[in-house]
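Peer 1: Mind having a look at this structure? Questions to follow.
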Amino acid sequence: MKTLPLILFGIAVLAQWAAPLSQIWTHEQVLAKGTLIKLKCQAPDPYDPLRGRYLAVRPVQQEATVPAGMKLQVGTTIYAQLTSGADGLATISDFSLTPPASGDYIRLKAGWVYNEKMSFEWPFDRFYLNEKLAPEADQWFAENIRSDKAIIAEVRVLNGRAVLEDLSLDGKSFRQILKERMK
Amino acid sequence: MNTSHQRWLLEQLPLWERDGLLTADAARTLRERHAVDDSQPGLAQIVMGALGALLIGTGLIAVLGYNWDDFSRPVRLLFAFLPLLATQLFSFRVLQRGTASSAWVRETAALLQALATGACIALVSQIYNLGGEWPDFLFWWMLLSLPLAWVLRSHAVAIFYLIGIAIWSVNQVDHGRPWYDSPLLYPLLLLGLLPYYWAGWKNKALLSNSVRWVMTISAIFGFCSAAVFVCARGTLNSGYHEESSIWLWTLTAAAFALFPLNQSSIDEPLRRKPQVILGSLGLLVYGVAATFSDISREILWGASHALRLPWCWGLLAVLVVFVLLALMRKRWAVLAIASVSLLPFLMLPFLPLSLSRVNDRPDGTLLSWFALLHLAAIGITLIVLEFAGKKGAPRLGATLLSLLIIARMADSDLSLLVKGLAFIMVGVAFLAFNILMSRMLKNKAAVSTAA
């Protein structure tokens, strides 16, 4: 057996393991050590053909005022400081171009910037659901479209990284609600 | 001669020897000259192996995509890694056996591993609810699969990779992206297949026809996406001139048609040179369109803006090198067709004289006439070359002339009766020429048989 193809194959195998394992390591760290924050959001139900059914998670806060003196372009990395209110829900209180020295923050990408306003992309945008639960979620949204009840995204945050842990409604896991509706 | 022809020849040799048509020495020489390399898979083998692997792989992705949320996270992660591990072991075994493994097994192992890699990263994204767009996922999937095309010499993975990077490039044309996340990366991604090509070249194995076609089509999408991206990005402050991409596409088509070939590749049948077929076709469609003055005006307008882009100058530099190499190889017919792409360039010195008052756009009349005369000259050249005993393309030449006449008729204010009669005359002339060419070819064949 020739050596070079074997070495290349070994490198390929290592890379094929390293890519998902690095993701797992990073996200497990965030889930284990990160602070839990809650964000108010909306969630319709699209479909991802490669990764299955998911709910598109869209926090309510999508725009903000650009802090004075901050120069931004589309795609610039920014750090959003998160502050929890009396209701336990977090909102972005400030932006900076470098990681804040203290407190919880998320690394974001700036979107359009116009007239001192900017949009930004949250680092999570989907919550995967079992194929059986997804139609039930559709049904739930159809019935509750005019309801004041908001879906809450429970997100773990650590060193600017964020992992969406669960969705909840009235303090109850949304997945659990759907399972109970199916019974 | 392709593999199926060679197999047929090898089957016939014993019969011909037995019938006394060939001596044993002549048969041996033919056997040596047209030996079939069984390490190279046939099309049917690739298709069957790839189809099986595709079905298993996509089935795997769908099963994992079901989202088994009754299982804990570690168990689901195990589901993601087990198929990957199994396919890696399978590929390792194939690699270990070397030439003892048949070609279709090699293809199947490589494609299965590539699909298991995709399934694994997709499942990890699903378990951790990772965001991101599907082109990002596709990009990393293709990069992680690429080495399998090199080490297992897998045509199926090479084709899969070529399709993947083309789809990714088309999806990255938004001008807001940085260069490293845009179709400008496509040339580098294409170069990623160089070790695959190199390994085949070292073993004197020709690139399979299916890989050649997919590579050409992938490159068309990749380079055209890059052209759209640079036009959108380069003209952000002065407004987007989508017309600029048209000329860049044409220069790309010319580079395809003139892509350097060695003498044995030049002597191959045209169907094994998809870059020449598709590049020439693109150039001729562009040339015929340029004979309409409205379209010529847009082309000139776009070309004047495209010249401000470094990508355009890069393409022109590549084209100059390719032209010189084609001149050395005396590829006259392809050079004649490729020259169509440079028409707007030659017209630029005349631009200030032909500026029209409408929206400051240049007048396209001069270019349209240039294009018409140039294409007519190419059509005639392609016919004359053949009659002069050189390698021409008489049928293509006749088709080109007919198309030009039809285009001018469609463009003119002549009555329907005159247009109809002209169409009939062109049709009759075209058929008569076709009959003449068929007879000429038959006579040539008869003369060479008699000799």
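As shown in the structure tokens, the chain order sets the letters A, B, ...; within each chain, residues go from 1, and ligands are also counted from 1 in the order they appear.
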Output as a PyMOL selection string the set of chain A residues within 9 Å of chain B, with distances taken over only C-alpha atoms.

Peer 2: chain A and resi 1-2+4-6+8-9+11-13+15-17+19-21+23-24+27-28+48-54+74-75+122-132+163-165

Peer 1: Give the strand (DSSP E or B) residues of chain A, as assigned by DSSP on the backbone, as an NGL selection string.

Peer 2: :A and (35-42 or 47-48 or 52-56 or 58-59 or 63-65 or 77-84 or 90-96 or 104-114 or 117-121 or 126-128 or 151-158 or 160-169 or 172-173)

Peer 1: Would you export the selected residues with C-alpha atoms as a compact mmCIF listing (two decimals), in the first residue's frame, please?

Peer 2:
# COMPACT_ATOMS: atom_id res chain seq x y z
CA THR A 35 -25.64 31.91 31.63
CA LEU A 36 -29.28 31.29 30.81
CA ILE A 37 -30.98 34.28 29.21
CA LYS A 38 -34.54 34.53 27.93
CA LEU A 39 -35.51 36.35 24.76
CA LYS A 40 -38.99 37.14 23.53
CA CYS A 41 -39.48 35.89 19.99
CA GLN A 42 -41.79 34.81 17.22
CA TYR A 47 -38.57 23.21 6.59
CA ASP A 48 -34.93 22.38 6.04
CA GLY A 52 -35.19 18.14 9.05
CA ARG A 53 -38.07 20.21 10.40
CA TYR A 54 -37.34 23.31 12.45
CA LEU A 55 -38.99 26.38 13.86
CA ALA A 56 -37.49 29.64 12.67
CA ARG A 58 -36.76 35.24 15.46
CA PRO A 59 -36.20 37.36 18.58
CA GLU A 63 -32.93 46.64 15.06
CA ALA A 64 -31.04 49.07 17.26
CA THR A 65 -29.53 52.54 17.26
CA THR A 77 -18.61 41.63 14.11
CA ILE A 78 -20.16 43.43 17.07
CA TYR A 79 -20.72 42.50 20.70
CA ALA A 80 -24.17 43.00 22.19
CA GLN A 81 -24.42 43.47 25.95
CA LEU A 82 -27.49 41.71 27.37
CA THR A 83 -29.47 42.99 30.31
CA SER A 84 -32.39 41.16 31.90
CA ALA A 90 -33.26 39.97 28.26
CA THR A 91 -32.74 42.81 25.83
CA ILE A 92 -29.68 44.29 24.16
CA SER A 93 -28.58 47.30 26.17
CA ASP A 94 -25.37 48.28 24.39
CA PHE A 95 -23.07 47.45 21.48
CA SER A 96 -19.30 47.49 21.24
CA ASP A 104 -23.34 38.62 29.46
CA TYR A 105 -22.86 39.39 25.81
CA ILE A 106 -23.39 37.81 22.39
CA ARG A 107 -21.24 38.11 19.29
CA LEU A 108 -23.37 39.29 16.35
CA LYS A 109 -22.98 40.31 12.73
CA ALA A 110 -24.15 43.78 11.73
CA GLY A 111 -26.70 43.93 8.92
CA TRP A 112 -27.73 47.11 7.09
CA VAL A 113 -26.83 50.48 8.60
CA TYR A 114 -28.97 53.49 7.72
CA LYS A 117 -30.10 52.59 12.77
CA MET A 118 -28.80 49.11 12.16
CA SER A 119 -30.07 45.58 11.85
CA PHE A 120 -28.18 42.56 13.15
CA GLU A 121 -28.21 38.80 12.83
CA ARG A 126 -33.78 27.74 14.30
CA PHE A 127 -35.05 25.16 16.72
CA TYR A 128 -35.23 21.65 15.30
CA ILE A 151 -42.57 32.24 22.72
CA ILE A 152 -39.47 32.60 24.86
CA ALA A 153 -36.10 31.44 23.53
CA GLU A 154 -33.97 30.04 26.35
CA VAL A 155 -30.40 30.66 25.32
CA ARG A 156 -27.14 29.80 27.06
CA VAL A 157 -24.46 32.45 26.63
CA LEU A 158 -20.72 32.12 27.27
CA GLY A 160 -20.00 35.75 23.21
CA ARG A 161 -21.24 32.37 21.98
CA ALA A 162 -24.89 31.43 22.26
CA VAL A 163 -26.67 28.08 22.08
CA LEU A 164 -30.43 27.88 21.86
CA GLU A 165 -31.37 25.39 24.56
CA ASP A 166 -35.14 25.37 24.45
CA LEU A 167 -38.27 27.29 23.60
CA SER A 168 -40.84 27.89 26.29
CA LEU A 169 -44.31 29.27 26.74
CA LYS A 172 -43.25 25.38 30.11
CA SER A 173 -41.12 23.74 27.43

Peer 1: Fewer than 3 positions away in the same chain doesn't count, so skip those; otherwise give me all residues within 8 Å of stretch 429-432 of chain B, counting only C-alpha atoms, as a list in words.

Peer 2: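 Returned residues: Ala398, Thr399, Ser402, Met425, Val426, Ile435 and Leu436 of chain B.
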
Peer 1: If you measure from atom CA of B:Gln275 to atom CA of B:Ala290, what distance in Å do you get, rounded to one decimal?

Peer 2: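 Interatomic distance, atom CA of B:Gln275 to atom CA of B:Ala290: 21.9 Å.
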
Peer 1: Taking into account only C-alpha atoms, which residue in the set B:Ile266, B:Val230, B:Val318, B:Leu404 is nearest to B:Val285?

Peer 2: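 Under the stated criterion, the closest residue is B:Leu404.
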
Peer 1: Apply DSSP to the backbone of this structure and, from stretch 71-155 of chain A, keep only the residues in alpha helix (DSSP H); write these as a list in words.

Peer 2: Leu133, Ala134, Pro135, Glu136, Ala137, Asp138, Gln139, Trp140, Phe141, Ala142 and Glu143 of chain A

Peer 1: To one decimal place, how far is atom CA of B:Ala333 from atom CA of B:Trp213 in Å?

Peer 2: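 Computing the Euclidean distance for atom CA of B:Ala333 and atom CA of B:Trp213 yields 21.1 Å.
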
Peer 1: Do you have the atom CA of B:Ser368-atom CA of B:Arg233 distance handy?

Peer 2: 29.0 Å
